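Raw coords.pdb, PDB, C-alpha atoms:
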```pdb
ATOM      1  CA  MET A   1      15.836  53.816 -21.870  1.00  0.00           C
ATOM      2  CA  ALA A   2      13.870  50.760 -22.960  1.00  0.00           C
ATOM      3  CA  SER A   3      17.037  48.974 -24.092  1.00  0.00           C
ATOM      4  CA  ARG A   4      18.607  49.470 -20.663  1.00  0.00           C
ATOM      5  CA  ARG A   5      15.711  47.646 -18.986  1.00  0.00           C
ATOM      6  CA  ILE A   6      15.730  44.768 -21.490  1.00  0.00           C
ATOM      7  CA  LEU A   7      19.456  44.143 -21.207  1.00  0.00           C
ATOM      8  CA  PRO A   8      19.510  43.702 -17.417  1.00  0.00           C
ATOM      9  CA  ARG A   9      16.430  41.417 -17.526  1.00  0.00           C
ATOM     10  CA  SER A  10      18.007  39.288 -20.254  1.00  0.00           C
ATOM     11  CA  LEU A  11      21.214  38.991 -18.284  1.00  0.00           C
ATOM     12  CA  LEU A  12      19.275  38.174 -15.144  1.00  0.00           C
ATOM     13  CA  GLY A  13      17.380  35.412 -17.002  1.00  0.00           C
ATOM     14  CA  LEU A  14      20.600  33.964 -18.361  1.00  0.00           C
ATOM     15  CA  LEU A  15      22.203  34.101 -14.939  1.00  0.00           C
ATOM     16  CA  LEU A  16      19.216  32.347 -13.358  1.00  0.00           C
ATOM     17  CA  ALA A  17      19.324  29.607 -16.029  1.00  0.00           C
ATOM     18  CA  LEU A  18      23.041  29.043 -15.412  1.00  0.00           C
ATOM     19  CA  VAL A  19      22.557  28.924 -11.632  1.00  0.00           C
ATOM     20  CA  TRP A  20      19.636  26.483 -12.039  1.00  0.00           C
ATOM     21  CA  ALA A  21      21.712  24.225 -14.296  1.00  0.00           C
ATOM     22  CA  ALA A  22      24.666  24.374 -11.895  1.00  0.00           C
ATOM     23  CA  LEU A  23      22.450  23.399  -8.974  1.00  0.00           C
ATOM     24  CA  LEU A  24      21.108  20.444 -10.961  1.00  0.00           C
ATOM     25  CA  GLY A  25      24.583  19.425 -12.041  1.00  0.00           C
ATOM     26  CA  CYS A  26      23.901  19.691 -15.747  1.00  0.00           C
ATOM     27  CA  SER A  27      23.996  22.209 -18.544  1.00  0.00           C
ATOM     28  CA  ALA A  28      21.001  24.314 -19.477  1.00  0.00           C
ATOM     29  CA  GLU A  29      20.948  22.459 -22.819  1.00  0.00           C
ATOM     30  CA  GLU A  30      20.737  19.095 -21.037  1.00  0.00           C
ATOM     31  CA  GLU A  31      17.847  20.383 -18.936  1.00  0.00           C
ATOM     32  CA  VAL A  32      15.956  21.527 -22.041  1.00  0.00           C
ATOM     33  CA  GLN A  33      16.515  18.114 -23.678  1.00  0.00           C
ATOM     34  CA  LYS A  34      15.158  16.306 -20.606  1.00  0.00           C
ATOM     35  CA  ILE A  35      12.030  18.455 -20.654  1.00  0.00           C
ATOM     36  CA  PHE A  36      11.232  17.801 -24.306  1.00  0.00           C
ATOM     37  CA  ARG A  37      12.488  14.211 -24.714  1.00  0.00           C
ATOM     38  CA  GLY A  38      11.156  12.802 -21.449  1.00  0.00           C
ATOM     39  CA  PRO A  39      13.001  10.617 -18.954  1.00  0.00           C
ATOM     40  CA  THR A  40      15.950   8.495 -20.021  1.00  0.00           C
ATOM     41  CA  PRO A  41      14.743   4.943 -20.661  1.00  0.00           C
ATOM     42  CA  THR A  42      15.764   2.385 -18.070  1.00  0.00           C
ATOM     43  CA  LYS A  43      17.804  -0.571 -19.300  1.00  0.00           C
ATOM     44  CA  PRO A  44      15.704  -3.744 -18.940  1.00  0.00           C
ATOM     45  CA  GLU A  45      16.572  -5.672 -15.799  1.00  0.00           C
ATOM     46  CA  ILE A  46      14.948  -8.739 -14.230  1.00  0.00           C
ATOM     47  CA  ARG A  47      14.916  -8.418 -10.439  1.00  0.00           C
ATOM     48  CA  SER A  48      12.774 -11.337  -9.253  1.00  0.00           C
ATOM     49  CA  VAL A  49      10.682 -14.314 -10.324  1.00  0.00           C
ATOM     50  CA  THR A  50       7.613 -15.351  -8.318  1.00  0.00           C
ATOM     51  CA  PRO A  51       7.168 -18.154  -7.482  1.00  0.00           C
ATOM     52  CA  SER A  52      10.845 -19.115  -7.668  1.00  0.00           C
ATOM     53  CA  GLN A  53      10.060 -22.754  -8.416  1.00  0.00           C
ATOM     54  CA  GLY A  54       7.334 -24.786 -10.092  1.00  0.00           C
ATOM     55  CA  ALA A  55       6.506 -27.251 -12.836  1.00  0.00           C
ATOM     56  CA  VAL A  56       6.041 -26.900 -16.583  1.00  0.00           C
ATOM     57  CA  GLY A  57       2.800 -24.993 -17.145  1.00  0.00           C
ATOM     58  CA  SER A  58       3.166 -22.893 -13.975  1.00  0.00           C
ATOM     59  CA  VAL A  59       2.397 -19.196 -14.238  1.00  0.00           C
ATOM     60  CA  VAL A  60       5.205 -16.910 -13.081  1.00  0.00           C
ATOM     61  CA  ALA A  61       5.508 -13.184 -12.497  1.00  0.00           C
ATOM     62  CA  VAL A  62       8.839 -11.756 -13.624  1.00  0.00           C
ATOM     63  CA  LYS A  63       9.380  -8.408 -11.933  1.00  0.00           C
ATOM     64  CA  GLY A  64      11.925  -5.768 -12.822  1.00  0.00           C
ATOM     65  CA  VAL A  65      12.330  -2.457 -14.628  1.00  0.00           C
ATOM     66  CA  GLY A  66      12.581  -1.161 -18.161  1.00  0.00           C
ATOM     67  CA  PHE A  67      10.586  -3.886 -19.946  1.00  0.00           C
ATOM     68  CA  GLY A  68       8.729  -1.238 -21.947  1.00  0.00           C
ATOM     69  CA  PRO A  69       5.007  -0.954 -22.668  1.00  0.00           C
ATOM     70  CA  SER A  70       5.016  -3.241 -25.724  1.00  0.00           C
ATOM     71  CA  PRO A  71       5.301  -7.024 -25.346  1.00  0.00           C
ATOM     72  CA  GLY A  72       8.601  -8.641 -26.223  1.00  0.00           C
ATOM     73  CA  GLN A  73       9.720 -12.216 -25.578  1.00  0.00           C
ATOM     74  CA  LEU A  74      10.559 -14.162 -22.431  1.00  0.00           C
ATOM     75  CA  ALA A  75      12.384 -17.492 -22.548  1.00  0.00           C
ATOM     76  CA  PHE A  76      13.698 -20.123 -20.164  1.00  0.00           C
ATOM     77  CA  GLU A  77      17.002 -21.866 -20.853  1.00  0.00           C
ATOM     78  CA  ASP A  78      16.714 -25.661 -21.007  1.00  0.00           C
ATOM     79  CA  PRO A  79      19.843 -26.906 -19.193  1.00  0.00           C
ATOM     80  CA  THR A  80      19.741 -30.211 -21.110  1.00  0.00           C
ATOM     81  CA  THR A  81      20.010 -28.611 -24.550  1.00  0.00           C
ATOM     82  CA  ALA A  82      21.422 -25.182 -23.564  1.00  0.00           C
ATOM     83  CA  ARG A  83      18.713 -23.623 -25.776  1.00  0.00           C
ATOM     84  CA  PHE A  84      16.158 -21.035 -24.809  1.00  0.00           C
ATOM     85  CA  VAL A  85      12.484 -22.010 -25.050  1.00  0.00           C
ATOM     86  CA  LEU A  86       9.938 -19.212 -25.493  1.00  0.00           C
ATOM     87  CA  ALA A  87       7.322 -18.826 -22.779  1.00  0.00           C
ATOM     88  CA  LYS A  88       3.713 -17.903 -23.480  1.00  0.00           C
ATOM     89  CA  VAL A  89       3.362 -14.318 -22.236  1.00  0.00           C
ATOM     90  CA  SER A  90      -0.086 -13.419 -20.882  1.00  0.00           C
ATOM     91  CA  GLY A  91       0.710 -10.021 -19.392  1.00  0.00           C
ATOM     92  CA  TRP A  92       3.326  -7.345 -20.056  1.00  0.00           C
ATOM     93  CA  ALA A  93       4.028  -4.051 -18.310  1.00  0.00           C
ATOM     94  CA  ASP A  94       7.141  -1.918 -17.888  1.00  0.00           C
ATOM     95  CA  ASP A  95       7.820  -3.498 -14.487  1.00  0.00           C
ATOM     96  CA  MET A  96       6.245  -6.981 -14.703  1.00  0.00           C
ATOM     97  CA  ILE A  97       5.744  -9.864 -17.125  1.00  0.00           C
ATOM     98  CA  VAL A  98       3.328 -12.735 -16.520  1.00  0.00           C
ATOM     99  CA  ALA A  99       4.180 -15.920 -18.421  1.00  0.00           C
ATOM    100  CA  THR A 100       3.735 -19.696 -18.452  1.00  0.00           C
ATOM    101  CA  VAL A 101       6.771 -21.948 -17.997  1.00  0.00           C
ATOM    102  CA  PRO A 102       7.155 -23.815 -21.319  1.00  0.00           C
ATOM    103  CA  ALA A 103       7.668 -27.548 -21.841  1.00  0.00           C
ATOM    104  CA  MET A 104      11.291 -28.550 -22.355  1.00  0.00           C
ATOM    105  CA  ASP A 105      13.563 -31.594 -22.507  1.00  0.00           C
ATOM    106  CA  THR A 106      14.699 -31.376 -18.895  1.00  0.00           C
ATOM    107  CA  ALA A 107      12.399 -32.571 -16.123  1.00  0.00           C
ATOM    108  CA  THR A 108      14.037 -30.699 -13.246  1.00  0.00           C
ATOM    109  CA  GLY A 109      16.791 -28.188 -12.714  1.00  0.00           C
ATOM    110  CA  VAL A 110      17.679 -24.543 -12.409  1.00  0.00           C
ATOM    111  CA  LEU A 111      16.705 -22.458 -15.425  1.00  0.00           C
ATOM    112  CA  LYS A 112      18.130 -19.112 -16.526  1.00  0.00           C
ATOM    113  CA  ILE A 113      15.710 -16.554 -17.891  1.00  0.00           C
ATOM    114  CA  GLY A 114      16.225 -14.555 -21.079  1.00  0.00           C
ATOM    115  CA  LEU A 115      14.328 -11.446 -22.107  1.00  0.00           C
ATOM    116  CA  LYS A 116      13.949  -9.550 -25.360  1.00  0.00           C
ATOM    117  CA  THR A 117      12.096  -6.263 -25.213  1.00  0.00           C
ATOM    118  CA  THR A 118      11.094  -4.249 -28.249  1.00  0.00           C
ATOM    119  CA  GLY A 119      14.148  -2.093 -27.705  1.00  0.00           C
ATOM    120  CA  GLU A 120      16.844  -4.410 -26.456  1.00  0.00           C
ATOM    121  CA  GLN A 121      17.821  -8.004 -25.790  1.00  0.00           C
ATOM    122  CA  VAL A 122      18.886  -8.777 -22.248  1.00  0.00           C
ATOM    123  CA  PRO A 123      21.396 -11.585 -21.683  1.00  0.00           C
ATOM    124  CA  ALA A 124      20.355 -14.536 -19.537  1.00  0.00           C
ATOM    125  CA  SER A 125      19.482 -13.087 -16.191  1.00  0.00           C
ATOM    126  CA  PRO A 126      20.933 -13.934 -12.819  1.00  0.00           C
ATOM    127  CA  ALA A 127      17.272 -14.382 -11.853  1.00  0.00           C
ATOM    128  CA  LEU A 128      16.681 -18.120 -11.825  1.00  0.00           C
ATOM    129  CA  TYR A 129      13.689 -20.439 -11.781  1.00  0.00           C
ATOM    130  CA  THR A 130      13.836 -23.974 -10.374  1.00  0.00           C
ATOM    131  CA  LEU A 131      11.893 -26.484 -12.443  1.00  0.00           C
ATOM    132  CA  ILE A 132      10.341 -29.306 -10.412  1.00  0.00           C
ATOM    133  CA  LYS A 133       8.405 -32.401 -11.502  1.00  0.00           C
ATOM    134  CA  ASN A 134       4.625 -32.248 -11.742  1.00  0.00           C
TER     135      ASN A 134
END
```
Re-express the file's structure as structure tokens.
Amino acid sequence: MASRRILPRSLLGLLLALVWAALLGCSAEEEVQKIFRGPTPTKPEIRSVTPSQGAVGSVVAVKGVGFGPSPGQLAFEDPTTARFVLAKVSGWADDMIVATVPAMDTATGVLKIGLKTTGEQVPASPALYTLIKN
């Protein structure tokens, strides 16, 4: 008699797991992996730069997602030399970086921003910063 009760409960549990996975649009195995591995990391993406213009030495806030908790590197592309110049980073969070615009050969112009997190290098961003004279 005991085996009859265990079998239906086991089947019921399996059925509930399959229904749950179907409702979530994933397999039961995928759901277990999400629980134990945590959320899927977000690919680093720069979404805005504030202020959008300023001089060398200005402090900027680069906002976005997926930067990670550990500091990486932020750089501005010098349009005169087409080389990236590292910025001094004073604050780093998963969604915001605070940095100082570095000195470079060009006096004015539109600068692309590059980012390297501890996990991944992001190509020059469509987020731009306009360098103006002091």
Do you have the CA of Lys112 (chain A)-CA of Pro69 (chain A) distance handy?
->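 Atom-to-atom, CA of Lys112 (chain A) to CA of Pro69 (chain A), that is 23.2 Å.
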If you measure from CA of Pro71 (chain A) to CA of Asn134 (chain A), what distance in Å do you get, rounded to one decimal?
-> 28.7 Å
Write out as a PyMOL selection string the residues lying within 9 Å of Ala103 (chain A), counting all atoms listed in the file and excluding same-chain residues fewer than 6 positions away.
-> chain A and resi 56-57+85+87
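Across the structure, CA of Arg47 (chain A) and CA of Val98 (chain A) are spaced 13.8 Å apart.
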For the structure shown, which residues end up in the PyMOL selection byres ((chain A and resi 107) around 8)? Put them as a PDB file with C-alpha atoms, in the coordinates of the input, please?
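Written output follows (expr.pdb):
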```pdb
ATOM      1  CA  MET A 104      11.291 -28.550 -22.355  1.00  0.00           C
ATOM      2  CA  ASP A 105      13.563 -31.594 -22.507  1.00  0.00           C
ATOM      3  CA  THR A 106      14.699 -31.376 -18.895  1.00  0.00           C
ATOM      4  CA  THR A 108      14.037 -30.699 -13.246  1.00  0.00           C
ATOM      5  CA  GLY A 109      16.791 -28.188 -12.714  1.00  0.00           C
ATOM      6  CA  LEU A 131      11.893 -26.484 -12.443  1.00  0.00           C
ATOM      7  CA  ILE A 132      10.341 -29.306 -10.412  1.00  0.00           C
ATOM      8  CA  LYS A 133       8.405 -32.401 -11.502  1.00  0.00           C
TER       9      LYS A 133
END
```
Using the chain letters and numbers from the file, give me the residues hit by the PyMOL selection byres ((chain A and resi 118) around 9), as a PyMOL selection string.
-> chain A and resi 67-73+116-117+119-121
Give me the result of the PyMOL selection byres ((chain A and resi 127) around 12) on this file, residue by residue, as a list in words.
-> Glu45, Ile46, Arg47, Ser48, Val49, Thr50, Pro51, Ser52, Gln53, Ala61, Val62, Lys63, Gly64, Phe76, Glu77, Val110, Leu111, Lys112, Ile113, Gly114, Leu115, Val122, Pro123, Ala124, Ser125, Pro126, Leu128, Tyr129 and Thr130 of chain A
Any chance you could work out the axis-aligned box around region 87-105 of chain A, listed atoms only, 8 Å on each side, giving centre and edge lengths in Å to one decimal, as lines of an AutoDock Vina configuration file?
```
center_x = 6.7
center_y = -16.8
center_z = -19.0
size_x = 29.6
size_y = 45.7
size_z = 25.0
```
